[in-house]
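See structure below.
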Amino acid sequence: MVNLDTIEGIFRNLDTYVANLRALAQLPSAELLNDVARLGGVKYYLHTAVECCVDVANHMIARQNWRAPQSLADSFVVLAEHGVISADFLATARQMVGMRNRLVHLYWDMDAETVYDTLQDHLGDFEHFKAAIYVYLQTTGLIDPASQ
C-alpha cells in the first residue's frame, strides 16, 4: 500500500518550493531576470518541485506494483494509465519533466524568459498534481491504515 507519511513528507517539500517560487514570481520581470542569484533560485526550485512530483509518482508505482516507468516522463504515463491523473493533465506533467530536463541537462542554454514565463503561468500545475494524488488516494482507499 501507498505510505501516506512518505507522500505527505514529499508534498511538504513541494509546498515549500512552490511558496518560494510564488514569492519570487512577485518580482518584476526585469528585476528577476537581471538578478543571477534569484534566477538561479527559481531554476533550483522548479527543478526540485518537479522532482517531488516524480518521487510521489514513483512511490505510488512501486507500492502498487504497476509497470516500471522507462523515463521520468513515463512515470506520469503510468499514473494516467491507472487513473491517478487525467489524460489532459498528462501533457502538462510531461512538460514539467521537459522543463526539469532542460534545467538539469541543458542548463547553459536555458532561456531566462522561458523560466520567467513558467514561473508566472505554471505554478498551479504543482497544486493540480498534488490534488489529483489526494483525490485518487481517498477514492481508492490506498492509504496505508498504519500510516494514518
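Following the order of the C-alpha cells, chains are lettered A, B, ..., residues in each are numbered from 1, and ligands are numbered from 1.
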
Next on the checklist: Applying 10 Å and only C-alpha atoms, which residues near Val97 in chain A remain after dropping the ones on its own chain fewer than 2 positions away? List them as an MDAnalysis selection string.
Outcome noted: chainID A and resid 47 50:51 53:54 71:76 92:95 99:103

Determine, for each residue of range 52-100 of chain A having at least one atom at most 8 Å from an atom of range 9-28 of chain A, the closest pair of atoms and their separation in Å to one decimal, counting only C-alpha atoms; order by chain and ascending number, as JSON lines.
{"residue": "A:Cys52", "atom": "CA", "partner": "A:Ile10", "partner_atom": "CA", "distance": 5.9}
{"residue": "A:Cys53", "atom": "CA", "partner": "A:Leu14", "partner_atom": "CA", "distance": 8.0}
{"residue": "A:Asp55", "atom": "CA", "partner": "A:Ile10", "partner_atom": "CA", "distance": 7.6}
{"residue": "A:Val56", "atom": "CA", "partner": "A:Ile10", "partner_atom": "CA", "distance": 7.0}

Since we have the selection now, will you write its residues out, keeping C-alpha atoms, as an mmCIF file, in the first residue's frame?
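Listed below is the output, selection.cif:
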data_model
loop_
_atom_site.group_PDB
_atom_site.id
_atom_site.type_symbol
_atom_site.label_atom_id
_atom_site.label_comp_id
_atom_site.auth_asym_id
_atom_site.auth_seq_id
_atom_site.Cartn_x
_atom_site.Cartn_y
_atom_site.Cartn_z
ATOM 1 C CA CYS A 52 8.928 15.949 -5.816
ATOM 2 C CA CYS A 53 6.155 15.088 -8.272
ATOM 3 C CA ASP A 55 9.152 10.971 -6.454
ATOM 4 C CA VAL A 56 5.479 10.735 -5.488
#

Item to check | Nearest candidate to Val115 in chain A (options A:Glu8, A:Val2, A:Ala131, A:Val42; using only C-alpha atoms) | outcome: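 For Val115 in chain A, the nearest of the candidates is A:Val42.
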
Checklist entry - Got a sec: who's within 12 Å of Ala62 in chain A, counting only C-alpha atoms, leaving out chain neighbours fewer than 2 positions off, as a list in words? => result Met1, Val2, Asn3, Asp55, Val56, Ala57, Asn58, His59, Met60, Gln64, Asn65, Trp66, Arg67, Ala68, Pro69, Ser75, Val78 and Leu79 of chain A

Checklist entry - Hey, what's within 10 Å of Phe89 in chain A if we count only C-alpha atoms and toss same-chain stuff fewer than 6 positions away? As an MDAnalysis selection string, please? => result chainID A and resid 76 80 95 125 128:129 132

Checklist entry - What is the CA of Phe126 in chain A-CA of Val84 in chain A distance in Å, reported with one decimal? => result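 According to the coordinates, CA of Phe126 in chain A and CA of Val84 in chain A are separated by 14.4 Å.
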
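You will find CA of Lys130 in chain A at 19.5 Å from CA of Tyr44 in chain A.
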
Item to check | Which of A:Thr48, A:Gln70, A:Arg63, A:Ile85 sits closest to Thr6 in chain A [using only C-alpha atoms] | outcome: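 So, comparing all the options, the nearest one is A:Arg63.
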
Next on the checklist: When you count only C-alpha atoms, which of these residues is closest to Arg38 in chain A: A:Tyr116, A:Met110, A:Asp121, A:Leu142?
Outcome noted: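 Between A:Tyr116, A:Met110, A:Asp121, A:Leu142, the residue approaching Arg38 in chain A most closely is A:Tyr116.
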